[in-house]
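Accompanying notes for the structure given below.
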Amino acid sequence: MFLLDAPITGRREVARGMFVLTLRAPQVASAVRAGQFVNLGWAPGPLLRRPFSVYRALDEDIEIVLKAVGTGTTALLAMEIGDRVSCLGPLGRGFELAHAAGVVLVSGGLGVAPMALAARDARAAGARVTWVHGARTAAELCGEADGDKVVWATDDGSRGVRGTAVAAAPDADVVLACGPNRMLAAVAERWPDAQVAVGTYMGCGTGVCLGCAVPLKRGGYDRACKEGPVYIARDIDWASLPSHLPYAVPA
Amino acid sequence: MSAQIGGLRLRGPVLAASGTFGYGTEVPLLERRALGGMVSKGIFLRPREGTPPPRIVETPSGMLNAIGLQGPGVEALIREYAPKWAEWDFPVLVNINGESAAEYGELAARLDGVPGVAGFEINISCPNVEQGGLYFGNDPHAAAAVTEAVRKRTDLPVWVKLTPMVGDIGVIARAVESAGADALCAINTFVGMSIDLNAYRPRLSFRTGGLSGPAIRPLAVHLAHQAARSVRIPVIGIGGIMRAEDALEFLVAGCSAVQVGTATFVNPKAIAEVHDGIAAFLAARGFASLGDLPRYLPRD
């Protein structure tokens, strides 16, 4: 785990109101695995850090995906190239990608966030990658997806299959999913063994504050930031996991 | 930069506050040299699951939390954490919680003499189940009864963490001083609530939560000062300390040491920065030790 002052090195819009922000964070870029996240702080910004899945890792840079969902993310998107963000990471437990011939990635909305790295790591593990990516409309669909096969899905049919990404996805040995918790609950019904990256409110990101409690089927809670954010879908008590958070992914 | 709290000599005046430092094994990138001491996450006799999510929410310059004192119970704490503490070069006090005065006493008795346990911080902001859920900390008699129950079972330092949700903190402070407390910690979180305007209900599943962070700092400085004016025992200031200057406000206002809490969530190096900043301030102003720092503490 590293704590870095990371300059912003790039920003691009990948869907309506959805941006990829690039940060120079060499130690994080070389250590991060798919499904892990960074906890970012910026000024002016909120008091607590905010967690973001690492979208891609380049040589010295990491990328994150965000939308302006509140005053904090609005301020982050208003920062200039060269401005510095405090970056703590990589954090959490990512996807397990060993021994898979075929991997299906299922992402909804901002749930693209961990999937570019997941595609990279799945391919490195020798798997054939199918990426099924959904959003409400074509305009809200992140235009970047990368796999041996890519399936697009929109609720209104404006691009690709009409309906949800979960419905549009084929079966596979290994399913990795990220998106709104409501979508992940549907993933759990169809593929109880799927690996899902959940979204919670988060405080410290390092296992101390116990704020990011994830309710478990076996009873009790554990920490999205430490034991998660990736879980086996059937292990989560979906009815008790809030689905109405203002930001939808470990975003 | 050492600080004296009753019989306990600390190598520095900055401690880690309960609930913001786990059991001392979780905080990353920790610089132990700067840590005067640590207060463990609050513990009950038995394991507790904690409250359902959402458990935390950010509010202006602060955060509300309702974790529900999730924890493994005292036996697991003794088994898993105390042996580590015994090897550390700073004292660890255990934050103890109960539903009756007898439970607090039982906890103190169980932990007294366990290697690694240097003392106790009593959290009196718990509901007294035997008295209809009224908080121990709001009632001078109940607060004193809890303090006495612990005092009788241990010779280790006993600190009492005061709640700010009282009419006159001096009354509670004097009551627990008379009951044998060695020091006071002022203050615990304020009770607050935040409403989700989409769901038309509280944003925390527990409805209310404890407010911490810079939002409460001026309130905390005032209450710690009031407590310090009311007693002869040392007061440890807590509430929204993010930087050395914040800690110095508490020290000038009459506190003998401080605890840093929420800041650690934001900046894992906060305690070291506060500690180093206090040292730099003392040096820059020509004070040889913490004891030379001028205090504003008129006696009532």
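Ordering of the structure tokens sets the chain letters (A, B, ...); residue numbers start at 1 within each chain; ligands are numbered from 1 in the order shown.
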Please identify all residues of chain A having at least one atom at most 9 Å from any atom of chain B, considering only C-alpha atoms, and return them as a JSON list (two decimals) with C-alpha atoms, in the first residue's frame.
```
[["chain", "number", "residue", "atom", "x", "y", "z"],
["A", 1, "MET", "CA", 0.00, 0.00, 0.00],
["A", 2, "PHE", "CA", 1.29, 3.42, -0.95],
["A", 3, "LEU", "CA", 0.31, 6.99, -0.12],
["A", 41, "GLY", "CA", -8.52, 12.72, -1.34],
["A", 46, "PRO", "CA", -14.86, 16.23, 0.89],
["A", 47, "LEU", "CA", -13.43, 15.39, 4.33],
["A", 48, "LEU", "CA", -13.26, 11.65, 3.75],
["A", 49, "ARG", "CA", -11.46, 10.02, 0.86],
["A", 200, "THR", "CA", -20.72, 0.66, -0.20],
["A", 201, "TYR", "CA", -20.14, 3.89, 1.60],
["A", 202, "MET", "CA", -16.55, 3.80, 2.71],
["A", 203, "GLY", "CA", -14.47, 5.67, 5.26],
["A", 204, "CYS", "CA", -10.80, 4.87, 5.70],
["A", 205, "GLY", "CA", -10.49, 2.19, 2.99],
["A", 206, "THR", "CA", -7.94, 0.32, 5.09],
["A", 207, "GLY", "CA", -10.03, -1.82, 7.43],
["A", 208, "VAL", "CA", -10.05, 0.43, 10.47],
["A", 209, "CYS", "CA", -13.33, 2.30, 10.60],
["A", 210, "LEU", "CA", -15.73, -0.61, 9.91],
["A", 211, "GLY", "CA", -17.93, 1.79, 7.94],
["A", 212, "CYS", "CA", -18.13, -0.29, 4.75],
["A", 213, "ALA", "CA", -19.94, -3.23, 6.30],
["A", 214, "VAL", "CA", -21.17, -5.89, 3.86],
["A", 215, "PRO", "CA", -23.93, -8.13, 5.27],
["A", 219, "GLY", "CA", -24.59, -13.71, 9.43],
["A", 220, "GLY", "CA", -22.57, -10.73, 10.52],
["A", 221, "TYR", "CA", -20.61, -8.31, 8.41],
["A", 240, "SER", "CA", -29.60, -6.17, 3.58],
["A", 241, "LEU", "CA", -27.08, -4.47, 1.30],
["A", 242, "PRO", "CA", -28.27, -0.94, 0.53],
["A", 244, "HIS", "CA", -29.91, 3.21, -3.12],
["A", 245, "LEU", "CA", -26.48, 4.76, -2.62]]
```
Using only C-alpha atoms, determine which residues lie at most 12 Å from A:Arg120, disregarding the query and same-chain residues fewer than 5 positions distant; provide the list as a PyMOL selection string.
chain A and resi 32-35+55-58+95+97+103+105+114-115+125-131+145-148
Would you export the selected residues with N, CA and C atoms as a compact mmCIF listing (two decimals), in the first residue's frame, please?
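Result file follows (again08.txt):
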```
# COMPACT_ATOMS: atom_id res chain seq x y z
N VAL A 32 -1.12 -2.88 -8.74
CA VAL A 32 -2.58 -3.08 -8.67
C VAL A 32 -3.03 -4.32 -9.43
N ARG A 33 -4.04 -5.01 -8.85
CA ARG A 33 -4.68 -6.13 -9.54
C ARG A 33 -6.14 -5.77 -9.81
N ALA A 34 -6.72 -6.48 -10.78
CA ALA A 34 -8.10 -6.19 -11.17
C ALA A 34 -9.04 -6.31 -9.98
N GLY A 35 -9.90 -5.31 -9.80
CA GLY A 35 -10.88 -5.32 -8.73
C GLY A 35 -10.41 -4.56 -7.50
N TYR A 55 -9.28 1.43 -13.16
CA TYR A 55 -9.84 1.05 -14.46
C TYR A 55 -8.74 0.45 -15.34
N ARG A 56 -7.67 1.18 -15.50
CA ARG A 56 -6.52 0.65 -16.24
C ARG A 56 -5.24 1.08 -15.54
N ALA A 57 -4.19 0.31 -15.74
CA ALA A 57 -2.87 0.67 -15.23
C ALA A 57 -1.94 0.71 -16.42
N LEU A 58 -1.34 1.86 -16.66
CA LEU A 58 -0.40 2.00 -17.77
C LEU A 58 1.00 1.96 -17.16
N PHE A 95 -10.27 -9.55 -8.06
CA PHE A 95 -10.80 -10.78 -8.68
C PHE A 95 -9.75 -11.88 -8.67
N LEU A 97 -8.40 -14.89 -10.84
CA LEU A 97 -8.52 -15.19 -12.27
C LEU A 97 -7.73 -16.43 -12.71
N VAL A 103 -13.87 -16.31 -19.60
CA VAL A 103 -14.31 -15.38 -18.57
C VAL A 103 -15.33 -14.43 -19.17
N LEU A 105 -17.23 -10.91 -18.43
CA LEU A 105 -17.28 -9.70 -17.62
C LEU A 105 -18.65 -9.07 -17.83
N PRO A 114 -13.88 -1.58 -12.82
CA PRO A 114 -12.78 -2.55 -12.62
C PRO A 114 -12.54 -3.46 -13.83
N MET A 115 -13.33 -3.28 -14.91
CA MET A 115 -13.37 -4.33 -15.93
C MET A 115 -12.23 -4.30 -16.95
N ALA A 125 -4.11 -14.63 -17.85
CA ALA A 125 -4.27 -15.97 -17.27
C ALA A 125 -4.67 -16.98 -18.34
N GLY A 126 -4.72 -16.54 -19.60
CA GLY A 126 -4.99 -17.48 -20.69
C GLY A 126 -6.45 -17.65 -21.03
N ALA A 127 -7.32 -16.78 -20.53
CA ALA A 127 -8.76 -16.96 -20.75
C ALA A 127 -9.23 -16.19 -21.99
N ARG A 128 -10.30 -16.71 -22.60
CA ARG A 128 -10.98 -15.98 -23.64
C ARG A 128 -12.00 -15.06 -22.94
N VAL A 129 -12.00 -13.79 -23.31
CA VAL A 129 -12.78 -12.79 -22.58
C VAL A 129 -14.00 -12.31 -23.38
N THR A 130 -15.16 -12.43 -22.76
CA THR A 130 -16.38 -11.82 -23.32
C THR A 130 -16.80 -10.71 -22.36
N TRP A 131 -16.94 -9.51 -22.87
CA TRP A 131 -17.33 -8.38 -22.03
C TRP A 131 -18.75 -7.94 -22.42
N ALA A 145 -14.69 -0.74 -24.46
CA ALA A 145 -14.80 -2.09 -23.92
C ALA A 145 -13.83 -2.93 -24.72
N ASP A 146 -13.29 -3.94 -24.08
CA ASP A 146 -12.15 -4.61 -24.66
C ASP A 146 -12.29 -6.08 -24.33
N GLY A 147 -12.41 -6.93 -25.35
CA GLY A 147 -12.51 -8.37 -25.10
C GLY A 147 -12.43 -9.10 -26.43
N ASP A 148 -12.32 -10.44 -26.34
CA ASP A 148 -12.35 -11.22 -27.56
C ASP A 148 -13.72 -11.07 -28.21
```
What lies within 12 Å of A:Gly17 using only C-alpha atoms, ignoring chain neighbours under 2 positions off, as a list in words?
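Result of the neighbour search: Arg12, Glu13, Val14, Ala15, Phe19, Val20, Val65, Leu66, Lys67, Ala68, Val69, Thr73, Thr74, Leu77, Gly109, Leu110, Ala139, Glu140, Leu141 and Cys142 of chain A.
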Since we have the selection now, will you write its residues out, keeping C-alpha atoms, as a tab-separated table (two decimals), in the first residue's frame?
```tsv
chain	number	residue	atom	x	y	z
A	12	ARG	CA	-11.41	12.04	-21.31
A	13	GLU	CA	-15.18	11.68	-21.58
A	14	VAL	CA	-16.20	8.09	-22.30
A	15	ALA	CA	-19.99	8.48	-22.07
A	19	PHE	CA	-15.00	10.56	-17.39
A	20	VAL	CA	-11.77	8.64	-17.19
A	65	VAL	CA	-13.85	6.26	-13.94
A	66	LEU	CA	-16.25	8.74	-12.42
A	67	LYS	CA	-19.33	10.86	-12.88
A	68	ALA	CA	-20.17	14.06	-11.05
A	69	VAL	CA	-22.60	12.63	-8.49
A	73	THR	CA	-16.80	14.43	-7.59
A	74	THR	CA	-17.80	17.72	-9.28
A	77	LEU	CA	-13.65	16.79	-12.33
A	109	GLY	CA	-23.12	1.83	-15.91
A	110	LEU	CA	-20.14	2.92	-13.81
A	139	ALA	CA	-25.38	7.88	-24.57
A	140	GLU	CA	-24.71	6.62	-21.05
A	141	LEU	CA	-22.81	3.54	-22.23
A	142	CYS	CA	-19.06	3.77	-21.77
```
Would you mind reading off the distance between atom CA of B:Leu111 and atom CA of B:Val160, one decimal, in Å?
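Between atom CA of B:Leu111 and atom CA of B:Val160 the gap works out to 16.4 Å.
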Who sits within 12 Å of B:Gln131, only C-alpha atoms, same chain under 6 positions skipped, as a ChimeraX atom specification:
/B:99-101,139,142
What would the file look like if the residues just selected were written as a CSV table (one decimal), in the first residue's frame with N, CA and C atoms?
```csv
chain,number,residue,atom,x,y,z
B,99,GLU,N,-23.5,-3.0,29.5
B,99,GLU,CA,-25.0,-2.6,29.6
B,99,GLU,C,-25.4,-2.4,31.1
B,100,SER,N,-24.5,-2.7,32.0
B,100,SER,CA,-24.7,-2.4,33.4
B,100,SER,C,-23.4,-2.1,34.1
B,101,ALA,N,-23.4,-1.4,35.2
B,101,ALA,CA,-22.2,-1.1,35.9
B,101,ALA,C,-21.4,-2.4,36.2
B,139,ASP,N,-25.9,10.9,33.5
B,139,ASP,CA,-26.3,11.0,34.9
B,139,ASP,C,-25.1,10.8,35.8
B,142,ALA,N,-25.0,7.5,37.7
B,142,ALA,CA,-24.7,6.3,36.9
B,142,ALA,C,-23.2,6.3,36.5
```
B:Met193 environment, 8 Å, only C-alpha atoms, sequence neighbours closer than 6 positions dropped, as a PyMOL selection string:
chain B and resi 64+202-204+207-209
Let me see the file: selected residues, N, CA and C atoms, as a PDB file, in the first residue's frame.
```pdb
ATOM      1  N   LEU B  64     -20.862  11.125  10.292  1.00  0.00           N
ATOM      2  CA  LEU B  64     -21.684  10.434  11.280  1.00  0.00           C
ATOM      3  C   LEU B  64     -21.353   8.958  11.191  1.00  0.00           C
ATOM      4  N   PRO B 202     -33.766   8.622   7.394  1.00  0.00           N
ATOM      5  CA  PRO B 202     -32.371   8.882   7.770  1.00  0.00           C
ATOM      6  C   PRO B 202     -31.402   8.140   6.865  1.00  0.00           C
ATOM      7  N   ARG B 203     -30.256   8.759   6.626  1.00  0.00           N
ATOM      8  CA  ARG B 203     -29.260   8.143   5.754  1.00  0.00           C
ATOM      9  C   ARG B 203     -28.540   6.986   6.439  1.00  0.00           C
ATOM     10  N   LEU B 204     -28.486   6.987   7.760  1.00  0.00           N
ATOM     11  CA  LEU B 204     -27.908   5.855   8.484  1.00  0.00           C
ATOM     12  C   LEU B 204     -29.009   4.864   8.835  1.00  0.00           C
ATOM     13  N   ARG B 207     -30.479   5.237  12.169  1.00  0.00           N
ATOM     14  CA  ARG B 207     -31.198   6.515  12.327  1.00  0.00           C
ATOM     15  C   ARG B 207     -30.245   7.620  12.771  1.00  0.00           C
ATOM     16  N   THR B 208     -29.583   7.433  13.920  1.00  0.00           N
ATOM     17  CA  THR B 208     -28.654   8.454  14.399  1.00  0.00           C
ATOM     18  C   THR B 208     -27.236   7.907  14.396  1.00  0.00           C
ATOM     19  N   GLY B 209     -26.284   8.808  14.499  1.00  0.00           N
ATOM     20  CA  GLY B 209     -24.886   8.373  14.563  1.00  0.00           C
ATOM     21  C   GLY B 209     -24.078   9.395  15.345  1.00  0.00           C
TER      22      GLY B 209
END
```
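For the set A:Gly228, A:Pro7, A:Gly111, A:Gly92, the residue with the smallest atom-to-atom gap to A:Ile62 is A:Pro7, counting only C-alpha atoms.
Among the candidates A:Ala167, A:Ala122, A:Ala224, A:Ala78, the residue lying nearest to A:Val151 is A:Ala167 (atoms considered: only C-alpha atoms).
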Which residues, written as a list in words, have at least one atom at most 6 Å from A:Val230, with only C-alpha atoms counted and residues fewer than 2 positions away on the same chain left out?
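Within the cut-off, the hits are Gly94, Val196, Ala197 and Gly228 of chain A.
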Write the selection just made, keeping N, CA and C atoms, as a PDB file, in the first residue's frame?
```
ATOM      1  N   GLY A  94      -8.934  -8.198  -4.922  1.00  0.00           N
ATOM      2  CA  GLY A  94      -9.482  -8.138  -6.271  1.00  0.00           C
ATOM      3  C   GLY A  94     -10.053  -9.461  -6.741  1.00  0.00           C
ATOM      4  N   VAL A 196     -18.317 -10.704  -7.642  1.00  0.00           N
ATOM      5  CA  VAL A 196     -18.920  -9.382  -7.828  1.00  0.00           C
ATOM      6  C   VAL A 196     -18.162  -8.337  -7.007  1.00  0.00           C
ATOM      7  N   ALA A 197     -17.990  -7.164  -7.583  1.00  0.00           N
ATOM      8  CA  ALA A 197     -17.366  -6.040  -6.859  1.00  0.00           C
ATOM      9  C   ALA A 197     -18.492  -5.135  -6.385  1.00  0.00           C
ATOM     10  N   GLY A 228     -13.331  -7.486   0.916  1.00  0.00           N
ATOM     11  CA  GLY A 228     -13.824  -7.185  -0.427  1.00  0.00           C
ATOM     12  C   GLY A 228     -12.872  -6.255  -1.116  1.00  0.00           C
TER      13      GLY A 228
END
```
In stretch 98-173 of chain A, what's helix (DSSP H, G or I) per DSSP? Answer as an MDAnalysis selection string?
chainID A and resid 109:112 115:124 138:140 165:168
Determine the nearest neighbour of B:Pro127 from the options B:Ala227, B:Ala17, B:Ala108, B:Val146, counting only C-alpha atoms.
B:Val146
Rounded to one decimal place, report the atom CA of B:Leu77-atom CA of B:Ala186 distance in Å.
25.1 Å
By how many Å are atom CA of A:Ala169 and atom CA of A:Val132 apart?
6.0 Å
Polymer residues at most 10 Å from B:Leu223, only C-alpha atoms, same-chain spacing of 3 or more positions, as a PyMOL selection string
chain B and resi 162-164+168-170+186-187+217-220+226-229+237-239+250+253
For each of B:Leu290, B:Ala283, B:Val74, B:Ala118, take the minimum atom-to-atom distance to B:Ala86, counting only C-alpha atoms, then give the residue where this is smallest.
B:Ala118
Among stretch 42-238 of chain B, which ones does DSSP place in strand (DSSP E or B), written as a ChimeraX atom specification?
/B:43,48,56-59,62-65,71,92-96,119-123,127-128,134-135,158-162,183-186,190-192,195-196,201-202,209-212,235-238
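Remark: for B:Asn138, the closest of the candidate residues B:Met1, B:Thr154, B:Gly116, B:Val171 is B:Val171 (distances computed over only C-alpha atoms).
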